[in-house]
$ cat run_6.txt   # compact mmCIF, C-alpha atoms
# COMPACT_ATOMS: atom_id res chain seq x y z
CA MET A 361 18.94 -23.00 -7.57
CA VAL A 362 18.22 -19.28 -7.59
CA LYS A 363 20.63 -17.41 -5.33
CA ARG A 364 19.32 -15.32 -2.43
CA PRO A 365 18.84 -11.62 -3.13
CA ALA A 366 21.11 -9.12 -1.33
CA HIS A 367 19.84 -8.43 2.21
CA ARG A 368 20.22 -4.90 3.58
CA PRO A 369 18.23 -4.67 6.85
CA TRP A 370 17.12 -1.42 8.40
CA LYS A 371 18.26 -0.15 11.79
CA VAL A 372 15.51 0.38 14.40
CA LEU A 373 16.08 3.76 16.07
CA SER A 374 13.04 3.52 18.36
CA SER A 375 10.04 1.27 18.81
CA GLU A 376 6.81 1.64 20.77
CA TYR A 377 3.54 -0.26 21.06
CA LEU A 378 0.46 1.77 20.11
CA SER A 379 -1.97 -1.00 20.99
CA HIS A 380 -1.96 -4.51 22.38
CA GLU A 381 -5.42 -5.92 21.57
CA PRO A 382 -6.29 -9.18 19.82
CA TRP A 383 -6.41 -8.42 16.05
CA TYR A 384 -4.97 -4.96 16.82
CA THR A 385 -1.45 -5.16 18.16
CA VAL A 386 0.54 -2.38 16.53
CA ARG A 387 4.13 -1.19 16.87
CA ARG A 388 5.42 2.11 15.51
CA GLU A 389 9.12 2.20 14.67
CA ARG A 390 11.54 4.88 13.60
CA VAL A 391 13.93 3.21 11.17
CA GLU A 392 17.10 4.05 9.30
CA LEU A 393 17.89 2.67 5.86
CA PRO A 394 21.43 1.73 4.76
CA SER A 395 21.41 4.96 2.69
CA GLY A 396 21.05 6.94 5.94
CA ALA A 397 17.46 7.93 5.10
CA VAL A 398 15.23 7.91 8.17
CA VAL A 399 11.56 6.89 8.08
CA PRO A 400 9.96 8.33 11.21
CA ASN A 401 6.82 6.14 11.36
CA TRP A 402 6.78 2.54 10.18
CA TYR A 403 3.69 0.66 11.38
CA ILE A 404 3.95 -3.04 12.14
CA PHE A 405 0.91 -5.22 12.79
CA GLU A 406 1.61 -8.23 15.01
CA PHE A 407 -0.57 -11.28 14.49
CA PRO A 408 -0.23 -14.93 15.48
CA ASP A 409 0.43 -17.29 12.58
CA TRP A 410 -2.61 -18.10 10.49
CA VAL A 411 -3.63 -21.42 8.95
CA ASN A 412 -6.03 -22.68 6.31
CA VAL A 413 -6.97 -26.08 4.86
CA ILE A 414 -7.75 -27.54 1.45
CA ALA A 415 -9.92 -30.38 2.77
CA ARG A 416 -11.27 -33.14 0.58
CA THR A 417 -13.65 -35.93 1.46
CA ALA A 418 -13.08 -39.58 0.55
CA GLU A 419 -15.64 -39.03 -2.24
CA GLY A 420 -13.51 -36.20 -3.70
CA SER A 421 -15.61 -33.17 -2.66
CA TYR A 422 -13.87 -30.07 -1.33
CA VAL A 423 -15.05 -28.78 2.07
CA MET A 424 -15.44 -25.03 1.56
CA ILE A 425 -17.16 -22.40 3.68
CA SER A 426 -18.66 -18.95 3.18
CA GLN A 427 -19.10 -16.12 5.65
CA TYR A 428 -19.66 -12.38 5.67
CA ARG A 429 -16.38 -10.45 5.84
CA HIS A 430 -16.93 -7.11 7.41
CA ALA A 431 -14.05 -4.92 6.13
CA LEU A 432 -14.99 -5.65 2.53
CA GLY A 433 -18.72 -5.95 3.27
CA GLU A 434 -18.93 -9.05 1.08
CA THR A 435 -19.48 -12.80 1.34
CA HIS A 436 -17.35 -15.21 -0.69
CA TYR A 437 -16.37 -18.85 -0.75
CA GLU A 438 -13.29 -19.51 1.37
CA LEU A 439 -11.09 -22.20 2.76
CA VAL A 440 -11.54 -23.08 6.42
CA ALA A 441 -9.06 -20.79 8.18
CA GLY A 442 -8.06 -19.45 11.56
CA CYS A 443 -5.26 -18.52 13.96
CA CYS A 444 -2.76 -20.54 15.95
CA ASP A 445 -3.77 -20.40 19.61
CA ASP A 446 -1.05 -20.13 22.26
CA GLY A 447 1.10 -23.26 22.30
CA GLU A 448 -0.50 -24.71 19.18
CA ASN A 449 1.51 -25.56 16.08
CA PRO A 450 0.06 -24.80 12.63
CA LEU A 451 -1.06 -28.39 11.94
CA GLU A 452 -2.89 -28.60 15.29
CA ALA A 453 -4.55 -25.24 14.63
CA ALA A 454 -5.66 -26.26 11.15
CA GLN A 455 -7.12 -29.56 12.39
CA ARG A 456 -8.94 -27.77 15.22
CA GLU A 457 -10.33 -25.09 12.89
CA LEU A 458 -11.60 -27.66 10.37
CA MET A 459 -13.37 -29.54 13.17
CA GLU A 460 -14.86 -26.40 14.76
CA GLU A 461 -16.02 -24.72 11.56
CA THR A 462 -17.27 -27.80 9.69
CA GLY A 463 -17.26 -30.88 11.96
CA TYR A 464 -14.89 -32.67 9.51
CA GLY A 465 -11.79 -34.49 10.76
CA GLY A 466 -9.49 -37.42 10.15
CA GLY A 467 -7.79 -37.95 6.80
CA GLN A 468 -4.16 -37.59 5.69
CA TRP A 469 -2.61 -34.18 6.20
CA ARG A 470 0.39 -32.50 4.56
CA LEU A 471 1.81 -28.98 4.49
CA LEU A 472 1.35 -27.43 1.04
CA MET A 473 2.46 -23.79 1.33
CA VAL A 474 3.83 -21.16 3.69
CA THR A 475 3.14 -17.59 2.68
CA SER A 476 3.17 -14.08 4.14
CA PRO A 477 0.05 -11.90 4.31
CA ASN A 478 2.30 -8.86 3.82
CA PRO A 479 6.00 -8.80 4.75
CA THR A 480 5.91 -5.00 4.81
CA ASN A 481 3.65 -4.66 7.83
CA HIS A 482 2.58 -8.13 9.07
CA THR A 483 4.83 -10.19 11.35
CA ASN A 484 3.14 -13.53 10.73
CA HIS A 485 2.94 -16.32 8.17
CA SER A 486 -0.01 -18.29 6.83
CA TYR A 487 0.29 -22.09 6.58
CA THR A 488 -1.86 -24.10 4.17
CA PHE A 489 -2.45 -27.82 4.67
CA VAL A 490 -4.02 -30.35 2.35
CA ALA A 491 -6.25 -32.87 4.13
CA GLU A 492 -7.32 -35.83 1.99
CA GLY A 493 -10.12 -38.18 2.99
CA VAL A 494 -11.74 -36.14 5.76
CA VAL A 495 -14.98 -37.42 7.30
CA ARG A 496 -17.86 -35.60 9.01
CA GLN A 497 -17.47 -36.46 12.70
CA GLN A 498 -19.64 -33.94 14.53
CA GLU A 499 -21.72 -30.78 14.19
CA GLN A 500 -20.14 -27.38 13.55
CA HIS A 501 -19.04 -25.55 16.72
CA ALA A 502 -18.34 -22.02 15.54
CA GLU A 503 -17.55 -19.10 17.84
CA GLU A 504 -20.22 -16.52 18.65
CA SER A 505 -18.69 -14.08 16.16
CA GLU A 506 -18.74 -16.68 13.37
CA ASP A 507 -21.72 -17.29 11.08
CA ILE A 508 -20.44 -19.90 8.66
CA ASP A 509 -22.10 -21.89 5.87
CA ILE A 510 -20.50 -25.18 4.78
CA HIS A 511 -20.35 -26.11 1.08
CA LEU A 512 -19.29 -29.44 -0.41
CA MET A 513 -17.93 -28.50 -3.80
CA GLN A 514 -16.87 -30.44 -6.87
CA GLU A 515 -13.41 -29.85 -8.34
CA GLU A 516 -14.75 -28.18 -11.48
CA GLU A 517 -16.81 -25.73 -9.40
CA LEU A 518 -13.79 -24.82 -7.30
CA ARG A 519 -11.58 -24.36 -10.37
CA THR A 520 -14.24 -22.10 -11.92
CA LEU A 521 -14.37 -19.93 -8.79
CA LEU A 522 -10.60 -19.66 -8.84
CA VAL A 523 -10.34 -18.68 -12.52
CA ASP A 524 -13.05 -16.04 -11.98
CA ASP A 525 -11.26 -14.51 -8.91
CA ARG A 526 -14.23 -15.50 -6.74
CA ILE A 527 -11.90 -16.92 -4.07
CA VAL A 528 -11.05 -13.31 -3.28
CA GLN A 529 -8.66 -13.66 -0.37
CA ALA A 530 -5.08 -13.91 -1.66
CA LEU A 531 -4.07 -16.15 1.26
CA HIS A 532 -6.62 -18.70 0.00
CA ALA A 533 -6.24 -18.20 -3.75
CA ALA A 534 -2.45 -18.63 -3.73
CA PRO A 535 -2.42 -22.12 -2.17
CA LEU A 536 -5.42 -23.26 -4.24
CA TRP A 537 -3.60 -22.29 -7.44
CA LYS A 538 -0.46 -24.05 -6.16
CA TYR A 539 -2.50 -27.12 -5.23
CA PHE A 540 -4.05 -27.50 -8.68
CA ALA A 541 -0.73 -26.77 -10.44
CA THR A 542 1.22 -29.37 -8.47
CA LYS A 543 -1.48 -32.00 -7.78
CA MET B 475 -21.82 -21.18 -12.96
CA VAL B 476 -21.48 -21.49 -9.20
CA LYS B 477 -24.24 -19.65 -7.36
CA ARG B 478 -23.42 -16.87 -4.90
CA PRO B 479 -23.23 -17.89 -1.26
CA ALA B 480 -25.87 -16.55 1.16
CA HIS B 481 -25.04 -13.00 2.29
CA ARG B 482 -25.85 -12.03 5.88
CA PRO B 483 -24.25 -8.63 6.61
CA TRP B 484 -23.58 -7.33 10.09
CA LYS B 485 -25.16 -4.20 11.54
CA VAL B 486 -22.75 -1.42 12.56
CA LEU B 487 -23.78 -0.15 16.01
CA SER B 488 -20.97 2.41 16.28
CA SER B 489 -17.84 3.35 14.38
CA GLU B 490 -14.86 5.54 15.26
CA TYR B 491 -11.49 6.32 13.72
CA LEU B 492 -8.53 5.44 15.96
CA SER B 493 -5.96 6.81 13.52
CA HIS B 494 -5.79 8.53 10.17
CA GLU B 495 -2.16 8.18 9.05
CA PRO B 496 -0.83 6.84 5.74
CA TRP B 497 -0.40 3.05 6.17
CA TYR B 498 -2.21 3.35 9.52
CA THR B 499 -5.82 4.38 9.10
CA VAL B 500 -7.88 2.31 11.50
CA ARG B 501 -11.58 2.19 12.36
CA ARG B 502 -13.01 0.40 15.39
CA GLU B 503 -16.62 -0.76 15.03
CA ARG B 504 -19.15 -2.29 17.37
CA VAL B 505 -21.12 -4.76 15.25
CA GLU B 506 -24.16 -6.99 15.59
CA LEU B 507 -24.46 -10.31 13.83
CA PRO B 508 -27.78 -11.62 12.45
CA SER B 509 -27.85 -14.00 15.46
CA GLY B 510 -27.98 -10.95 17.76
CA ALA B 511 -24.44 -11.57 19.03
CA VAL B 512 -22.52 -8.31 19.49
CA VAL B 513 -18.79 -7.98 18.84
CA PRO B 514 -17.64 -4.87 20.71
CA ASN B 515 -14.36 -4.24 18.86
CA TRP B 516 -13.87 -5.04 15.19
CA TYR B 517 -10.76 -3.38 13.75
CA ILE B 518 -10.77 -2.27 10.11
CA PHE B 519 -7.62 -1.14 8.30
CA GLU B 520 -8.26 1.28 5.46
CA PHE B 521 -5.78 1.27 2.60
CA PRO B 522 -5.89 2.58 -0.96
CA ASP B 523 -6.03 -0.12 -3.63
CA TRP B 524 -2.73 -1.83 -4.32
CA VAL B 525 -1.27 -2.93 -7.65
CA ASN B 526 1.48 -5.20 -8.90
CA VAL B 527 2.87 -6.21 -12.30
CA ILE B 528 4.10 -9.37 -13.98
CA ALA B 529 6.38 -7.59 -16.46
CA ARG B 530 8.19 -9.38 -19.26
CA THR B 531 10.71 -8.00 -21.71
CA ALA B 532 10.55 -8.61 -25.45
CA GLU B 533 13.33 -11.19 -24.91
CA GLY B 534 11.11 -13.10 -22.46
CA SER B 535 12.81 -12.18 -19.16
CA TYR B 536 10.67 -11.32 -16.12
CA VAL B 537 11.39 -7.99 -14.44
CA MET B 538 11.49 -8.82 -10.72
CA ILE B 539 12.74 -6.82 -7.75
CA SER B 540 13.98 -7.52 -4.24
CA GLN B 541 13.92 -5.33 -1.16
CA TYR B 542 14.14 -5.63 2.60
CA ARG B 543 10.70 -5.95 4.21
CA HIS B 544 10.76 -4.68 7.73
CA ALA B 545 7.84 -6.41 9.49
CA LEU B 546 9.18 -9.85 8.53
CA GLY B 547 12.85 -8.73 8.67
CA GLU B 548 13.56 -10.58 5.42
CA THR B 549 14.41 -9.90 1.77
CA HIS B 550 12.73 -11.86 -1.01
CA TYR B 551 12.10 -11.65 -4.72
CA GLU B 552 8.89 -9.76 -5.48
CA LEU B 553 6.80 -8.31 -8.25
CA VAL B 554 6.97 -4.56 -8.74
CA ALA B 555 4.13 -3.26 -6.56
CA GLY B 556 2.66 -0.14 -5.02
CA CYS B 557 -0.42 1.90 -4.14
CA CYS B 558 -2.92 3.84 -6.22
CA ASP B 559 -2.30 7.54 -5.65
CA ASP B 560 -5.28 9.89 -5.41
CA GLY B 561 -7.14 10.05 -8.73
CA GLU B 562 -5.11 7.24 -10.28
CA ASN B 563 -6.71 4.07 -11.61
CA PRO B 564 -4.99 0.71 -11.02
CA LEU B 565 -3.50 0.50 -14.54
CA GLU B 566 -1.99 3.98 -14.26
CA ALA B 567 -0.60 3.16 -10.82
CA ALA B 568 0.95 -0.10 -12.04
CA GLN B 569 2.56 1.60 -15.05
CA ARG B 570 3.94 4.39 -12.84
CA GLU B 571 5.31 1.94 -10.26
CA LEU B 572 7.05 -0.19 -12.91
CA MET B 573 8.69 2.94 -14.34
CA GLU B 574 9.72 4.33 -10.94
CA GLU B 575 11.03 1.09 -9.46
CA THR B 576 12.76 -0.33 -12.55
CA GLY B 577 12.77 2.21 -15.41
CA TYR B 578 10.84 -0.25 -17.63
CA GLY B 579 7.80 0.90 -19.63
CA GLY B 580 5.85 0.38 -22.81
CA GLY B 581 4.55 -3.05 -23.80
CA GLN B 582 1.04 -4.50 -23.91
CA TRP B 583 -0.85 -4.47 -20.63
CA ARG B 584 -3.83 -6.54 -19.43
CA LEU B 585 -5.55 -7.09 -16.08
CA LEU B 586 -4.89 -10.63 -14.80
CA MET B 587 -6.34 -10.79 -11.29
CA VAL B 588 -8.17 -8.85 -8.60
CA THR B 589 -7.71 -10.13 -5.08
CA SER B 590 -8.20 -9.04 -1.48
CA PRO B 591 -5.32 -8.80 1.02
CA ASN B 592 -7.76 -9.80 3.75
CA PRO B 593 -11.53 -9.22 3.52
CA THR B 594 -11.79 -9.52 7.31
CA ASN B 595 -9.88 -6.37 8.15
CA HIS B 596 -8.64 -4.70 4.93
CA THR B 597 -10.91 -2.43 2.87
CA ASN B 598 -8.88 -2.56 -0.33
CA HIS B 599 -8.17 -4.81 -3.32
CA SER B 600 -4.94 -5.67 -5.10
CA TYR B 601 -4.86 -5.57 -8.92
CA THR B 602 -2.31 -7.56 -10.91
CA PHE B 603 -1.44 -6.64 -14.49
CA VAL B 604 0.57 -8.55 -17.06
CA ALA B 605 2.84 -6.33 -19.18
CA GLU B 606 4.38 -8.08 -22.19
CA GLY B 607 7.27 -6.58 -24.16
CA VAL B 608 8.40 -3.89 -21.71
CA VAL B 609 11.58 -1.96 -22.52
CA ARG B 610 14.08 -0.18 -20.28
CA GLN B 611 13.43 3.52 -20.84
CA GLN B 612 15.16 5.28 -17.95
CA GLU B 613 16.97 4.83 -14.65
CA GLN B 614 15.17 3.69 -11.49
CA HIS B 615 13.60 6.56 -9.50
CA ALA B 616 12.68 4.98 -6.18
CA GLU B 617 11.42 6.91 -3.15
CA GLU B 618 13.77 7.68 -0.26
CA SER B 619 12.26 4.82 1.80
CA GLU B 620 12.83 2.34 -1.05
CA ASP B 621 16.06 0.41 -1.57
CA ILE B 622 15.28 -1.86 -4.50
CA ASP B 623 17.38 -4.27 -6.58
CA ILE B 624 16.20 -5.17 -10.08
CA HIS B 625 16.50 -8.75 -11.36
CA LEU B 626 15.89 -10.00 -14.89
CA MET B 627 14.80 -13.57 -14.41
CA GLN B 628 14.24 -16.51 -16.71
CA GLU B 629 10.90 -18.33 -16.60
CA GLU B 630 12.39 -21.50 -15.09
CA GLU B 631 14.00 -19.49 -12.27
CA LEU B 632 10.72 -17.77 -11.47
CA ARG B 633 8.80 -21.07 -11.50
CA THR B 634 11.38 -22.59 -9.15
CA LEU B 635 11.02 -19.69 -6.71
CA LEU B 636 7.25 -20.10 -6.81
CA VAL B 637 7.26 -23.87 -6.19
CA ASP B 638 9.66 -23.34 -3.26
CA ASP B 639 7.44 -20.63 -1.65
CA ARG B 640 10.25 -18.10 -2.14
CA ILE B 641 7.81 -15.53 -3.54
CA VAL B 642 6.57 -15.18 0.02
CA GLN B 643 3.94 -12.48 -0.29
CA ALA B 644 0.54 -14.06 -1.01
CA LEU B 645 -0.54 -11.04 -3.07
CA HIS B 646 2.33 -11.80 -5.46
CA ALA B 647 2.30 -15.60 -5.34
CA ALA B 648 -1.44 -15.87 -6.14
CA PRO B 649 -1.30 -13.98 -9.47
CA LEU B 650 1.98 -15.66 -10.49
CA TRP B 651 0.41 -19.10 -10.00
CA LYS B 652 -2.65 -17.92 -11.94
CA TYR B 653 -0.45 -16.52 -14.70
CA PHE B 654 1.46 -19.76 -15.23
CA ALA B 655 -1.72 -21.86 -14.98
CA THR B 656 -3.61 -19.83 -17.59
CA LYS B 657 -0.76 -18.64 -19.85

$ encode --input "run_6.txt" --output "structure tokens"
Amino acid sequence: MVKRPAHRPWKVLSSEYLSHEPWYTVRRERVELPSGAVVPNWYIFEFPDWVNVIARTAEGSYVMISQYRHALGETHYELVAGCCDDGENPLEAAQRELMEETGYGGGQWRLLMVTSPNPTNHTNHSYTFVAEGVVRQQEQHAEESEDIDIHLMQEEELRTLLVDDRIVQALHAAPLWKYFATK
Amino acid sequence: MVKRPAHRPWKVLSSEYLSHEPWYTVRRERVELPSGAVVPNWYIFEFPDWVNVIARTAEGSYVMISQYRHALGETHYELVAGCCDDGENPLEAAQRELMEETGYGGGQWRLLMVTSPNPTNHTNHSYTFVAEGVVRQQEQHAEESEDIDIHLMQEEELRTLLVDDRIVQALHAAPLWKYFATK
């Protein structure tokens, strides 16, 4: 048991929303540290919780996707991932996203990892589930802004991608490493 | 060798900066997908590259830190981390951050991992170095907005934190899992 580190929260002196759009909800806060130092502008990005899935078919293939990611201007292999909609818990969101993006469903699901995209400036968490024994149940039903390829991948291929940093998104690489280390 | 996934970039129809502050440089783009679908508002957060360090003393202890993280309102154990300053390469930034935040330096350094905070909306990468055999050379010289505790941790303690998701930031958890898996 490793004891908790000392916790010295900051005082919020003022707080205002700069924007309230989907994928762009931003608060600016003036904060005071325990030392008395004041930081005039601390930017906080509010997002709903995110989810992703390590999905495996009954035959042992991993259900991966790839899609163009605009901020980086690159396309890489990824886990199926998405956001919790209003009123949805992380498991429901992950099951919905897997079905929408790949048409796979069913199987046995468990929570593997809860992580933070960035505790400095993101308010949300990312939940990773493992789904074993998923089955193709329908066609892909992606959103208009999604252009997703589905890849059934063998374990050795996925491990090779991971070792070579070709699963570039940290929110996907972290749970994949944890999965293989604790499997 | 796993082949590259198909790459279908989007066309940028228009692009404007909404803000140009440190930690808050944002572009809004109107983009067109290969399907012809148009997304009117895609938000892109520009950041410099980030770095972090898995630092180990000659005696085998890991040099970890903890600090309050305002967006999440929590304090967790972390790797030493920071940003590349102008003109600095990732190795130089990581060595400077380790010295500033903990006073440790020297040792043998190697690049372990390059990852993306979020290829959807972040332009930058995060570089993780392993530094073996670091030595305490001076006092901590943190910035005014930093309030950092230093922890020398044994390997079993660090592994326990990792298994329990108590290294919450994905950009730190991913390289730590990779480090222990490939060490």

$ atom_distance --input "run_6.txt" --atom1 "CA of Val525 (chain B)" --atom2 "CA of Arg543 (chain B)"
17.1 Å

$ residues_around --input "run_6.txt" --residues "Tyr551 (chain B)" --least-positions-apart "2" --cutoff "8 Å" --atoms "all atoms listed in the file" --output "number ranges by chain"
A: 365; B: 538-541, 549, 553, 640-641

$ closest_atom_pairs --input "run_6.txt" --of "chain B" --to "chain A" --cutoff "8 Å" --atoms "all atoms listed in the file" --output "tab-separated table"
residue	atom	partner	partner_atom	distance
B:Met475	CA	A:Glu517	CA	7.6
B:Val476	CA	A:Glu517	CA	6.3
B:Arg478	CA	A:His436	CA	7.6
B:Pro479	CA	A:Ser426	CA	6.5
B:Ala480	CA	A:Thr435	CA	7.4
B:His481	CA	A:Thr435	CA	5.6
B:Arg482	CA	A:Tyr428	CA	6.2
B:Pro483	CA	A:Tyr428	CA	6.0
B:Trp484	CA	A:His430	CA	7.2
B:Trp497	CA	A:Tyr403	CA	7.0
B:Tyr498	CA	A:Tyr403	CA	6.7
B:Leu507	CA	A:Ser505	CA	7.3
B:Ala511	CA	A:Glu504	CA	6.5
B:Val512	CA	A:Ser505	CA	7.7
B:Val513	CA	A:Ser505	CA	6.7
B:Tyr517	CA	A:Tyr384	CA	6.7
B:Ile518	CA	A:Ala431	CA	5.8
B:Phe519	CA	A:Ala431	CA	7.8
B:Ser540	CA	A:Pro365	CA	6.5
B:Gln541	CA	A:His367	CA	7.5
B:Tyr542	CA	A:Pro369	CA	6.0
B:Arg543	CA	A:Thr480	CA	4.9
B:His544	CA	A:Thr480	CA	5.7
B:Ala545	CA	A:Asn481	CA	4.8
B:Leu546	CA	A:Pro479	CA	5.1
B:Gly547	CA	A:Pro369	CA	7.0
B:Glu548	CA	A:His367	CA	7.4
B:Thr549	CA	A:His367	CA	5.6
B:His550	CA	A:Pro365	CA	6.5
B:Tyr551	CA	A:Pro365	CA	6.9
B:Met587	CA	A:Asp525	CA	6.6
B:Val588	CA	A:Asp525	CA	6.5
B:Thr589	CA	A:Val528	CA	5.0
B:Ser590	CA	A:Gln529	CA	4.8
B:Pro591	CA	A:Ala530	CA	5.8
B:Asn592	CA	A:Gln529	CA	5.7
B:Pro593	CA	A:Leu432	CA	5.1
B:Thr594	CA	A:Arg429	CA	4.9
B:Asn595	CA	A:Ala431	CA	4.9
B:His596	CA	A:Ala431	CA	5.5
B:Thr597	CA	A:Ala431	CA	5.2
B:Asn598	CA	A:Leu432	CA	7.4
B:Glu618	CA	A:Ala397	CA	6.5
B:Ser619	CA	A:Val399	CA	6.6
B:Asp621	CA	A:Leu393	CA	8.0
B:Glu631	CA	A:Val362	CA	6.3
B:Thr634	CA	A:Met361	CA	7.7
B:Leu635	CA	A:Val362	CA	7.3
B:Val637	CA	A:Lys538	CA	7.7
B:Asp639	CA	A:Val474	CA	6.5
B:Val642	CA	A:Thr475	CA	5.0
B:Gln643	CA	A:Ser476	CA	4.8
B:Ala644	CA	A:Leu531	CA	5.5
B:Leu645	CA	A:Ala530	CA	5.6
B:Ala647	CA	A:Ala534	CA	5.9
B:Ala648	CA	A:Ala534	CA	3.8
B:Pro649	CA	A:Ala534	CA	7.5
B:Trp651	CA	A:Trp537	CA	5.7
B:Lys652	CA	A:Trp537	CA	6.3
B:Ala655	CA	A:Ala541	CA	6.8

$ closest_residue --input "run_6.txt" --among "A:Val440, A:Ala502, A:Ala454, A:Leu512" --to "Trp469 (chain A)" --atoms "only C-alpha atoms"
A:Ala454

$ atom_distance --input "run_6.txt" --atom1 "CA of Thr488 (chain A)" --atom2 "CA of Ala415 (chain A)"
10.3 Å

$ residues_around --input "run_6.txt" --residues "Gln514 (chain A)" --least-positions-apart "6" --cutoff "10 Å" --atoms "all atoms listed in the file" --output "PyMOL selection string"
chain A and resi 416+419-423

$ atom_distance --input "run_6.txt" --atom1 "CA of His380 (chain A)" --atom2 "CA of Trp410 (chain A)"
18.1 Å
